[in-house]
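S.K.: So here's work_38.tsv (TSV, C-alpha atoms and all ligand atoms).
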chain	number	residue	atom	x	y	z
A	1	MET	CA	-9.81	13.40	18.50
A	2	THR	CA	-10.65	13.20	22.18
A	3	ALA	CA	-11.33	10.00	24.05
A	4	LYS	CA	-15.04	9.27	24.38
A	5	THR	CA	-14.96	6.41	26.84
A	6	LEU	CA	-12.74	5.37	29.71
A	7	SER	CA	-9.07	5.19	28.71
A	8	ARG	CA	-7.71	1.72	28.21
A	9	ARG	CA	-4.12	2.79	29.06
A	10	THR	CA	-4.00	0.07	31.71
A	11	ARG	CA	-1.91	-3.01	32.46
A	12	GLU	CA	-4.95	-5.13	31.57
A	13	HIS	CA	-5.17	-3.72	28.03
A	14	PHE	CA	-1.41	-3.54	27.38
A	15	THR	CA	-1.00	-7.20	28.33
A	16	GLY	CA	-4.24	-8.05	26.50
A	17	CYS	CA	-2.94	-6.51	23.27
A	18	LEU	CA	0.38	-8.37	23.20
A	19	ILE	CA	-0.89	-11.69	24.57
A	20	ALA	CA	-3.95	-11.84	22.30
A	21	GLY	CA	-1.68	-11.03	19.36
A	22	ALA	CA	0.60	-13.90	20.33
A	23	VAL	CA	-2.41	-16.22	20.77
A	24	GLY	CA	-3.55	-15.35	17.24
A	25	ASP	CA	-0.01	-15.99	16.00
A	26	ALA	CA	0.11	-19.37	17.77
A	27	LEU	CA	-3.32	-20.39	16.44
A	28	GLY	CA	-2.17	-19.60	12.91
A	29	ALA	CA	1.28	-21.18	13.30
A	30	SER	CA	0.27	-24.71	12.28
A	31	ILE	CA	-1.80	-23.64	9.26
A	32	GLU	CA	0.23	-20.72	7.86
A	33	PHE	CA	1.11	-22.65	4.72
A	34	MET	CA	-2.17	-24.60	4.27
A	35	THR	CA	-5.04	-23.78	1.93
A	36	LEU	CA	-8.58	-23.59	3.28
A	37	ASP	CA	-9.36	-26.96	1.68
A	38	GLN	CA	-6.32	-28.51	3.38
A	39	ILE	CA	-7.32	-26.98	6.72
A	40	ARG	CA	-10.86	-28.37	6.42
A	41	SER	CA	-9.73	-31.81	5.33
A	42	THR	CA	-7.32	-31.92	8.29
A	43	TYR	CA	-9.45	-30.36	11.05
A	44	GLY	CA	-13.04	-30.73	9.80
A	45	GLU	CA	-15.55	-28.39	8.22
A	46	SER	CA	-15.19	-25.83	11.06
A	47	GLY	CA	-11.45	-25.70	10.47
A	48	LEU	CA	-8.95	-25.25	13.28
A	49	THR	CA	-10.67	-24.73	16.67
A	50	GLY	CA	-7.61	-24.55	18.95
A	51	TYR	CA	-3.83	-24.87	19.02
A	52	ALA	CA	-2.35	-27.60	16.82
A	53	PRO	CA	1.31	-28.67	16.94
A	54	ALA	CA	3.81	-26.41	15.18
A	55	TYR	CA	7.56	-26.17	15.74
A	56	GLY	CA	7.41	-29.15	18.07
A	57	ARG	CA	4.66	-28.05	20.45
A	58	LYS	CA	1.15	-26.65	20.81
A	59	GLY	CA	0.88	-22.90	21.35
A	60	ALA	CA	4.17	-22.11	19.57
A	61	ILE	CA	4.68	-18.48	18.65
A	62	THR	CA	6.30	-17.49	15.33
A	63	ASP	CA	8.41	-14.65	13.94
A	64	ASP	CA	5.44	-12.28	14.30
A	65	THR	CA	5.48	-12.44	18.09
A	66	GLN	CA	9.27	-12.55	18.24
A	67	MET	CA	9.52	-9.31	16.25
A	68	MET	CA	6.65	-7.70	18.20
A	69	LEU	CA	8.60	-8.38	21.42
A	70	PHE	CA	11.82	-6.90	20.02
A	71	THR	CA	9.88	-3.83	18.78
A	72	ALA	CA	8.56	-3.38	22.31
A	73	GLU	CA	12.04	-3.81	23.78
A	74	GLY	CA	13.41	-1.14	21.44
A	75	LEU	CA	10.78	1.34	22.64
A	76	VAL	CA	11.36	0.49	26.30
A	77	LEU	CA	15.15	0.85	26.05
A	78	SER	CA	14.78	4.16	24.20
A	79	ARG	CA	13.15	5.51	27.35
A	80	ILE	CA	15.78	4.12	29.67
A	81	ARG	CA	18.98	4.96	27.82
A	82	GLN	CA	20.11	8.52	27.45
A	83	GLU	CA	21.86	7.87	24.15
A	84	TYR	CA	18.49	7.44	22.38
A	85	PRO	CA	16.71	10.82	22.83
A	86	GLY	CA	13.62	11.88	20.87
A	87	ASN	CA	11.82	10.23	17.97
A	88	ASP	CA	15.03	9.58	16.01
A	89	GLY	CA	16.46	7.82	19.05
A	90	MET	CA	13.36	5.66	19.32
A	91	ILE	CA	13.77	4.50	15.74
A	92	ASP	CA	17.52	3.86	16.22
A	93	CYS	CA	16.74	1.87	19.34
A	94	THR	CA	14.07	-0.12	17.52
A	95	TYR	CA	16.54	-0.81	14.70
A	96	HIS	CA	19.10	-2.12	17.19
A	97	ALA	CA	16.44	-4.28	18.85
A	98	LEU	CA	15.51	-5.75	15.46
A	99	LEU	CA	19.22	-6.40	14.81
A	100	ARG	CA	19.22	-8.40	18.05
A	101	TRP	CA	16.24	-10.35	16.68
A	102	LEU	CA	18.38	-11.00	13.55
A	103	THR	CA	21.09	-12.54	15.74
A	104	THR	CA	18.45	-14.93	17.16
A	105	GLN	CA	17.80	-16.08	13.59
A	106	GLN	CA	21.41	-15.96	12.39
A	107	PRO	CA	23.68	-16.28	15.47
A	108	ASP	CA	26.73	-16.52	13.20
A	109	ARG	CA	26.16	-12.88	12.18
A	110	GLN	CA	26.71	-11.55	15.69
A	111	THR	CA	30.41	-10.76	15.18
A	112	ASP	CA	29.71	-8.86	11.93
A	113	LEU	CA	26.88	-6.93	13.52
A	114	MET	CA	28.92	-6.03	16.58
A	115	GLN	CA	31.71	-4.70	14.36
A	116	SER	CA	29.20	-2.60	12.41
A	117	HIS	CA	27.01	-1.35	15.23
A	118	GLY	CA	28.87	-1.82	18.50
A	119	SER	CA	28.34	-4.31	21.28
A	120	CYS	CA	25.79	-2.12	23.07
A	121	ALA	CA	23.36	-2.27	20.18
A	122	ILE	CA	23.69	-5.97	19.63
A	123	VAL	CA	24.18	-7.79	22.87
A	124	GLU	CA	22.37	-5.64	25.39
A	125	GLY	CA	18.72	-6.19	26.05
A	126	VAL	CA	16.66	-8.64	28.01
A	127	LEU	CA	15.17	-10.73	25.22
A	128	THR	CA	18.42	-12.18	23.88
A	129	GLY	CA	18.85	-13.80	27.31
A	130	HIS	CA	15.96	-16.13	26.44
A	131	THR	CA	17.39	-19.04	24.50
A	132	SER	CA	13.92	-20.08	23.35
A	133	LEU	CA	13.82	-16.98	21.13
A	134	PHE	CA	16.82	-18.34	19.20
A	135	SER	CA	14.55	-20.33	16.93
A	136	ARG	CA	13.58	-19.78	13.31
A	137	ARG	CA	9.81	-19.67	12.93
A	138	ALA	CA	9.44	-18.98	9.20
A	139	PRO	CA	10.91	-15.46	9.33
A	140	GLY	CA	10.11	-13.15	6.42
A	141	ASN	CA	12.78	-12.73	3.75
A	142	SER	CA	12.35	-8.94	3.65
A	143	CYS	CA	12.99	-8.66	7.38
A	144	LEU	CA	16.06	-10.90	7.23
A	145	SER	CA	17.62	-9.30	4.15
A	146	ALA	CA	16.88	-5.70	5.17
A	147	LEU	CA	18.41	-6.17	8.62
A	148	ALA	CA	21.39	-8.06	7.21
A	149	SER	CA	22.05	-5.28	4.67
A	150	GLY	CA	23.76	-3.06	7.22
A	151	THR	CA	21.53	-0.10	6.27
A	152	MET	CA	18.55	1.11	8.27
A	153	GLY	CA	15.60	1.71	5.98
A	154	THR	CA	13.50	4.88	6.27
A	155	PRO	CA	10.50	6.17	4.27
A	156	ASP	CA	12.84	8.64	2.53
A	157	ARG	CA	15.68	6.12	2.01
A	158	PRO	CA	13.84	2.82	1.39
A	159	VAL	CA	15.98	-0.25	2.00
A	160	ASN	CA	13.94	-2.28	-0.55
A	161	ASP	CA	10.56	-2.19	-2.34
A	162	SER	CA	8.87	-4.76	-0.11
A	163	LYS	CA	5.30	-4.45	1.07
A	164	GLY	CA	5.18	-7.79	2.86
A	165	CYS	CA	3.26	-7.87	6.12
A	166	GLY	CA	6.41	-8.00	8.30
A	167	GLY	CA	5.96	-4.39	9.40
A	168	VAL	CA	2.27	-4.36	10.23
A	169	MET	CA	2.34	-7.65	12.13
A	170	ARG	CA	4.95	-6.43	14.65
A	171	ILE	CA	3.80	-2.83	15.16
A	172	ALA	CA	1.21	-3.02	18.00
A	173	PRO	CA	3.67	-1.90	20.75
A	174	VAL	CA	3.99	1.46	18.98
A	175	GLY	CA	0.22	1.98	19.23
A	176	LEU	CA	0.31	1.13	22.93
A	177	ALA	CA	3.20	3.50	23.61
A	178	PHE	CA	1.86	6.68	22.04
A	179	PRO	CA	-1.54	8.17	22.96
A	180	ASP	CA	-1.00	10.89	20.33
A	181	VAL	CA	-2.42	9.21	17.24
A	182	GLU	CA	-0.39	11.22	14.74
A	183	LYS	CA	2.80	10.26	16.58
A	184	ALA	CA	1.73	6.59	16.73
A	185	PHE	CA	1.13	6.69	12.98
A	186	ASP	CA	4.47	8.40	12.24
A	187	ILE	CA	6.58	6.18	14.52
A	188	GLY	CA	4.66	3.14	13.22
A	189	CYS	CA	5.54	4.03	9.63
A	190	ARG	CA	9.20	4.74	10.42
A	191	SER	CA	9.54	1.57	12.50
A	192	ALA	CA	8.13	-0.59	9.69
A	193	ALA	CA	10.22	1.20	7.06
A	194	ILE	CA	13.35	-0.18	8.77
A	195	THR	CA	12.60	-3.40	6.87
A	196	HIS	CA	9.83	-2.54	4.37
A	197	GLY	CA	10.48	0.25	1.86
A	198	HIS	CA	7.29	0.16	-0.24
A	199	PRO	CA	4.87	2.86	0.99
A	200	THR	CA	2.11	0.30	1.51
A	201	GLY	CA	4.47	-1.81	3.63
A	202	TYR	CA	4.93	1.00	6.16
A	203	LEU	CA	1.65	2.93	5.77
A	204	ALA	CA	-0.36	-0.19	6.69
A	205	ALA	CA	1.82	-0.50	9.80
A	206	GLY	CA	1.31	3.16	10.66
A	207	THR	CA	-2.42	2.65	10.30
A	208	GLN	CA	-2.41	-0.38	12.62
A	209	ALA	CA	-0.38	1.60	15.19
A	210	ALA	CA	-2.88	4.47	14.92
A	211	ILE	CA	-5.86	2.13	15.37
A	212	ILE	CA	-4.28	0.55	18.48
A	213	SER	CA	-3.43	4.01	19.86
A	214	LEU	CA	-7.02	5.22	19.41
A	215	ILE	CA	-8.48	2.09	21.02
A	216	ILE	CA	-6.12	2.41	23.99
A	217	THR	CA	-7.13	6.04	24.49
A	218	GLY	CA	-10.77	5.00	24.76
A	219	HIS	CA	-12.22	5.18	21.26
A	220	SER	CA	-14.47	2.54	19.78
A	221	LEU	CA	-13.16	0.23	17.08
A	222	THR	CA	-15.39	1.95	14.49
A	223	GLU	CA	-14.06	5.38	15.51
A	224	ALA	CA	-10.49	4.08	15.32
A	225	VAL	CA	-10.96	2.65	11.82
A	226	ASN	CA	-12.62	5.83	10.55
A	227	ALA	CA	-9.80	7.92	12.01
A	228	GLY	CA	-7.23	5.63	10.38
A	229	ILE	CA	-8.91	6.20	7.03
A	230	HIS	CA	-8.94	9.96	7.67
A	231	ILE	CA	-5.20	10.00	8.42
A	232	LEU	CA	-4.38	7.93	5.33
A	233	LYS	CA	-6.33	10.32	3.10
A	234	GLN	CA	-3.82	13.03	4.02
A	235	ARG	CA	-0.75	10.93	3.18
A	236	LYS	CA	1.06	10.39	-0.12
A	237	ASN	CA	1.12	6.99	-1.82
A	238	ALA	CA	-1.69	5.69	0.41
A	239	LYS	CA	-4.16	4.53	-2.28
A	240	GLU	CA	-3.53	0.80	-1.86
A	241	THR	CA	-3.86	0.92	1.91
A	242	LEU	CA	-6.93	3.17	1.69
A	243	ASP	CA	-8.60	0.89	-0.86
A	244	ALA	CA	-7.97	-2.11	1.40
A	245	LEU	CA	-9.47	-0.36	4.42
A	246	THR	CA	-12.48	0.80	2.42
A	247	ALA	CA	-13.06	-2.77	1.21
A	248	THR	CA	-12.74	-3.99	4.81
A	249	VAL	CA	-15.44	-1.64	6.07
A	250	GLU	CA	-17.77	-2.40	3.14
A	251	THR	CA	-17.31	-6.16	3.55
A	252	ALA	CA	-17.87	-5.99	7.31
A	253	CYS	CA	-21.16	-4.18	6.69
A	254	SER	CA	-22.47	-6.28	3.83
A	255	ALA	CA	-21.37	-9.92	3.81
A	256	SER	CA	-21.82	-12.52	6.54
A	257	PRO	CA	-18.56	-13.66	8.18
A	258	SER	CA	-17.03	-16.81	6.73
A	259	PRO	CA	-13.59	-17.97	5.56
A	260	GLU	CA	-14.80	-17.43	1.98
A	261	THR	CA	-15.66	-13.81	2.82
A	262	VAL	CA	-12.25	-13.36	4.47
A	263	GLU	CA	-10.59	-14.56	1.27
A	264	THR	CA	-12.30	-11.81	-0.77
A	265	LEU	CA	-9.94	-9.42	1.06
A	266	GLY	CA	-6.82	-11.27	-0.09
A	267	GLU	CA	-4.38	-13.69	1.49
A	268	GLY	CA	-2.51	-11.46	3.91
A	269	TRP	CA	1.06	-12.04	2.70
A	270	ILE	CA	1.23	-8.36	1.76
A	271	ALA	CA	0.71	-5.54	4.23
A	272	GLU	CA	-2.59	-4.03	3.12
A	273	GLU	CA	-4.24	-7.47	2.86
A	274	ALA	CA	-2.98	-8.56	6.28
A	275	LEU	CA	-4.35	-5.36	7.82
A	276	ALA	CA	-7.66	-5.79	5.95
A	277	ILE	CA	-8.15	-9.41	7.07
A	278	GLY	CA	-7.01	-8.80	10.64
A	279	LEU	CA	-9.23	-5.77	10.99
A	280	TYR	CA	-12.22	-7.41	9.27
A	281	CYS	CA	-12.21	-10.36	11.69
A	282	ALA	CA	-11.98	-7.98	14.67
A	283	MET	CA	-14.87	-5.88	13.33
A	284	VAL	CA	-17.32	-8.70	12.58
A	285	HIS	CA	-16.75	-10.47	15.93
A	286	GLU	CA	-15.87	-7.39	17.96
A	287	ASN	CA	-17.19	-8.82	21.24
A	288	GLU	CA	-16.24	-12.46	20.66
A	289	MET	CA	-12.47	-12.81	20.95
A	290	ALA	CA	-12.31	-16.57	20.31
A	291	LYS	CA	-14.58	-16.41	17.25
A	292	ALA	CA	-12.63	-13.48	15.82
A	293	LEU	CA	-9.26	-15.21	16.31
A	294	LEU	CA	-10.43	-18.45	14.73
A	295	LEU	CA	-11.93	-16.61	11.74
A	296	SER	CA	-8.66	-14.68	11.36
A	297	VAL	CA	-6.55	-17.85	10.92
A	298	ASN	CA	-8.87	-20.23	9.02
A	299	HIS	CA	-8.13	-19.18	5.45
A	300	SER	CA	-5.63	-19.98	2.70
A	301	GLY	CA	-3.30	-17.09	3.42
A	302	ASP	CA	-0.81	-15.88	6.06
A	303	SER	CA	-2.78	-17.19	9.05
A	304	ASP	CA	-0.35	-16.36	11.85
A	305	SER	CA	0.12	-12.74	10.79
A	306	THR	CA	-3.59	-12.06	10.33
A	307	GLY	CA	-4.23	-13.81	13.66
A	308	THR	CA	-1.65	-11.55	15.31
A	309	ILE	CA	-3.28	-8.41	13.93
A	310	THR	CA	-6.81	-9.41	15.01
A	311	GLY	CA	-5.50	-10.39	18.45
A	312	ASN	CA	-3.63	-7.11	18.93
A	313	ILE	CA	-6.76	-5.11	18.09
A	314	LEU	CA	-9.22	-7.03	20.26
A	315	GLY	CA	-6.73	-7.49	23.09
A	316	ALA	CA	-6.28	-3.71	23.22
A	317	LEU	CA	-10.06	-3.26	23.13
A	318	HIS	CA	-11.13	-5.84	25.74
A	319	GLY	CA	-8.01	-6.62	27.76
A	320	LYS	CA	-6.37	-9.83	28.85
A	321	SER	CA	-9.46	-11.11	30.68
A	322	ALA	CA	-11.31	-11.53	27.37
A	323	ILE	CA	-8.79	-14.10	26.10
A	324	PRO	CA	-9.78	-17.74	26.72
A	325	PRO	CA	-7.59	-18.67	29.73
A	326	HIS	CA	-6.52	-22.05	28.35
A	327	TRP	CA	-5.10	-20.32	25.28
A	328	ILE	CA	-2.98	-18.14	27.58
A	329	ASP	CA	-1.91	-21.11	29.72
A	330	ASP	CA	-0.73	-23.10	26.70
A	331	LEU	CA	0.97	-20.16	24.94
A	332	GLU	CA	4.73	-20.41	24.51
A	333	LEU	CA	6.64	-17.70	26.42
A	334	ASN	CA	3.41	-16.35	27.92
A	335	GLY	CA	5.29	-15.01	30.94
A	336	LEU	CA	7.86	-13.17	28.84
A	337	ILE	CA	5.16	-11.66	26.63
A	338	GLU	CA	3.29	-10.39	29.72
A	339	GLU	CA	6.53	-9.01	31.23
A	340	THR	CA	7.32	-7.17	28.00
A	341	ALA	CA	3.85	-5.61	27.95
A	342	MET	CA	4.28	-4.58	31.59
A	343	ASP	CA	7.68	-3.00	30.81
A	344	LEU	CA	6.04	-1.02	28.01
A	345	TYR	CA	3.26	0.07	30.36
A	346	SER	CA	5.77	1.00	33.04
A	347	GLU	CA	7.89	3.18	30.74
A	348	PHE	CA	5.14	4.83	28.69
A	349	VAL	CA	2.26	5.16	31.18
A	350	PHE	CA	3.27	4.59	34.79
A	351	LYS	CA	6.49	6.66	34.80
A	352	ARG	CA	5.15	9.57	32.76
B	401	MG	MG	4.94	-15.87	11.30
Would it be possible to restate this file's structure as structure tokens?
M.R.:
Amino acid sequence: MTAKTLSRRTREHFTGCLIAGAVGDALGASIEFMTLDQIRSTYGESGLTGYAPAYGRKGAITDDTQMMLFTAEGLVLSRIRQEYPGNDGMIDCTYHALLRWLTTQQPDRQTDLMQSHGSCAIVEGVLTGHTSLFSRRAPGNSCLSALASGTMGTPDRPVNDSKGCGGVMRIAPVGLAFPDVEKAFDIGCRSAAITHGHPTGYLAAGTQAAIISLIITGHSLTEAVNAGIHILKQRKNAKETLDALTATVETACSASPSPETVETLGEGWIAEEALAIGLYCAMVHENEMAKALLLSVNHSGDSDSTGTITGNILGALHGKSAIPPHWIDDLELNGLIEETAMDLYSEFVFKR
């Protein structure tokens, strides 16, 4: 496909993608484990309308944003360090970055990990210098156990049979990095397969990376979704992900947006449902960032992950300026998230 509108490979859209994703994560943080009835009885019939306290503050990010940042750091370091050449090197570097995230969740594992992988892989990087990232924010069991296993998962050598949403919710940096959609899809799948071995677990991530890549290269959201469906049709074991995307498009065209409509697409704990809900909310409020983000978190399922996915998509589409400024101001680690997006831009666009 060729770009049909002005490319969005800009600082504005890179920062927009990661910050809006983190805003969606932070909006969902306080209600991740609440049903829709509980959300309404706590916050009123309209549900949550802004940040509520989670992890001791308003605007707290969760594991979704933490892992998105480490995924971005892996990509950035793969461009800087000569020992990580080519696509295989990018995946190795991402794996090592995710191992560093594991040490933020389990600092007592650092000695074991250093013995297995070397000090370079474990202790080097910018993010582990931020003590505020050493905080457990309901990390996914598949991510923790896969990284602690000592084996890097791949699509051909799955580390488990998990199709949780832990791959798709962290994958946006891959879509930003690669303007070639097939490469974004492939690296997205391989990056997610480090922790999620079920085909749906990594194919949904590849699809999200492809959608972000197409948006950033100037395609409309509709074009990006249709292209994602086209790519999936050519892949093995893609029926679940394809069915979820087909349901997303049909629902976006037929039913009026509401939390009840969102819940017809699932709960979002598993990869294809998280992608479906995140994408649906972006599609039905394509030009209304705040409305889309609030719809993406006000449901009974995995609110922070679906919020992250909607935010990544619309942030890539409209840029940072479309995000309500007070949500950026009150977002935990907003400066670090912006710096990470700028590093990604610098390595994959500016220096090319
Ligand atoms: Mg989370």
S.K.: In Å, with one decimal, what is the gap from CA of Phe348 in chain A to CA of Leu75 in chain A?
M.R.: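 The value is 9.0 Å.
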S.K.: Could you list the protein, DNA and RNA residues that have any atom within 8 Å of ligand MG 401 (chain B), counting only C-alpha atoms and all ligand atoms, and write them as a PyMOL selection string?
M.R.: chain A and resi 25+29+32+61-65+137-140+302+304-305
S.K.: So that I can see what lies close to Ala271 in chain A, please list as a PyMOL selection string the residues with an atom at most 9 Å from it, counting all atoms listed in the file and leaving out residues fewer than 6 positions away in the same chain.
M.R.: chain A and resi 163-169+200-205+241
S.K.: Looking at only C-alpha atoms, which of A:Glu263, A:Pro325, A:Asp243, A:Leu176 is the one that sits closest to Thr15 in chain A?
M.R.: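 Selected residue with least distance to Thr15 in chain A: A:Leu176.
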S.K.: Could you please determine the separation between CA of Glu73 in chain A and CA of Ala97 in chain A in Å, to one decimal place?
M.R.: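 If I compute the distance from CA of Glu73 in chain A to CA of Ala97 in chain A, I get 6.6 Å.
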S.K.: Which is closest to Asn87 in chain A among A:Met283, A:Ile187, A:Leu333, A:Leu295, if we use only C-alpha atoms?
M.R.: A:Ile187
S.K.: What does the distance from CA of Asp330 in chain A to CA of Thr49 in chain A come to in Å, to one decimal?
M.R.: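 About the pair CA of Asp330 in chain A and CA of Thr49 in chain A: they are 14.2 Å apart.
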S.K.: Check the smallest atom-to-atom distance from each of A:Leu317, A:Phe185, A:Pro155, A:Gly47 to His219 in chain A using only C-alpha atoms, then report the winner.
M.R.: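 Of all the options, A:Leu317 lies closest to His219 in chain A.
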S.K.: Hey, what's within 8 Å of Gly153 in chain A if we count only C-alpha atoms and toss same-chain stuff fewer than 2 positions away? As a PyMOL selection string, please?
M.R.: chain A and resi 146+151+155+157-160+193-197
S.K.: Of the candidates A:Ser135, A:Gln208, A:Thr128, A:Ser191, which shows the shortest atom-to-atom distance to Gly175 in chain A, using only C-alpha atoms?
M.R.: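 Answer, going by the shortest atom-to-atom distance: A:Gln208.
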S.K.: Take the point (1.2, -2.1, 20.7) as written in the file and pick out every residue within 7 Å of it, counting all atoms listed in the file; give the list as a PyMOL selection string.
M.R.: chain A and resi 17-18+171-177+209+212
S.K.: Would you output that residue set with C-alpha atoms, as a compact mmCIF listing (two decimals), keeping the file's coordinate frame?
M.R.:
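Below is the file that was written, part.txt:
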# COMPACT_ATOMS: atom_id res chain seq x y z
CA CYS A 17 -2.94 -6.51 23.27
CA LEU A 18 0.38 -8.37 23.20
CA ILE A 171 3.80 -2.83 15.16
CA ALA A 172 1.21 -3.02 18.00
CA PRO A 173 3.67 -1.90 20.75
CA VAL A 174 3.99 1.46 18.98
CA GLY A 175 0.22 1.98 19.23
CA LEU A 176 0.31 1.13 22.93
CA ALA A 177 3.20 3.50 23.61
CA ALA A 209 -0.38 1.60 15.19
CA ILE A 212 -4.28 0.55 18.48
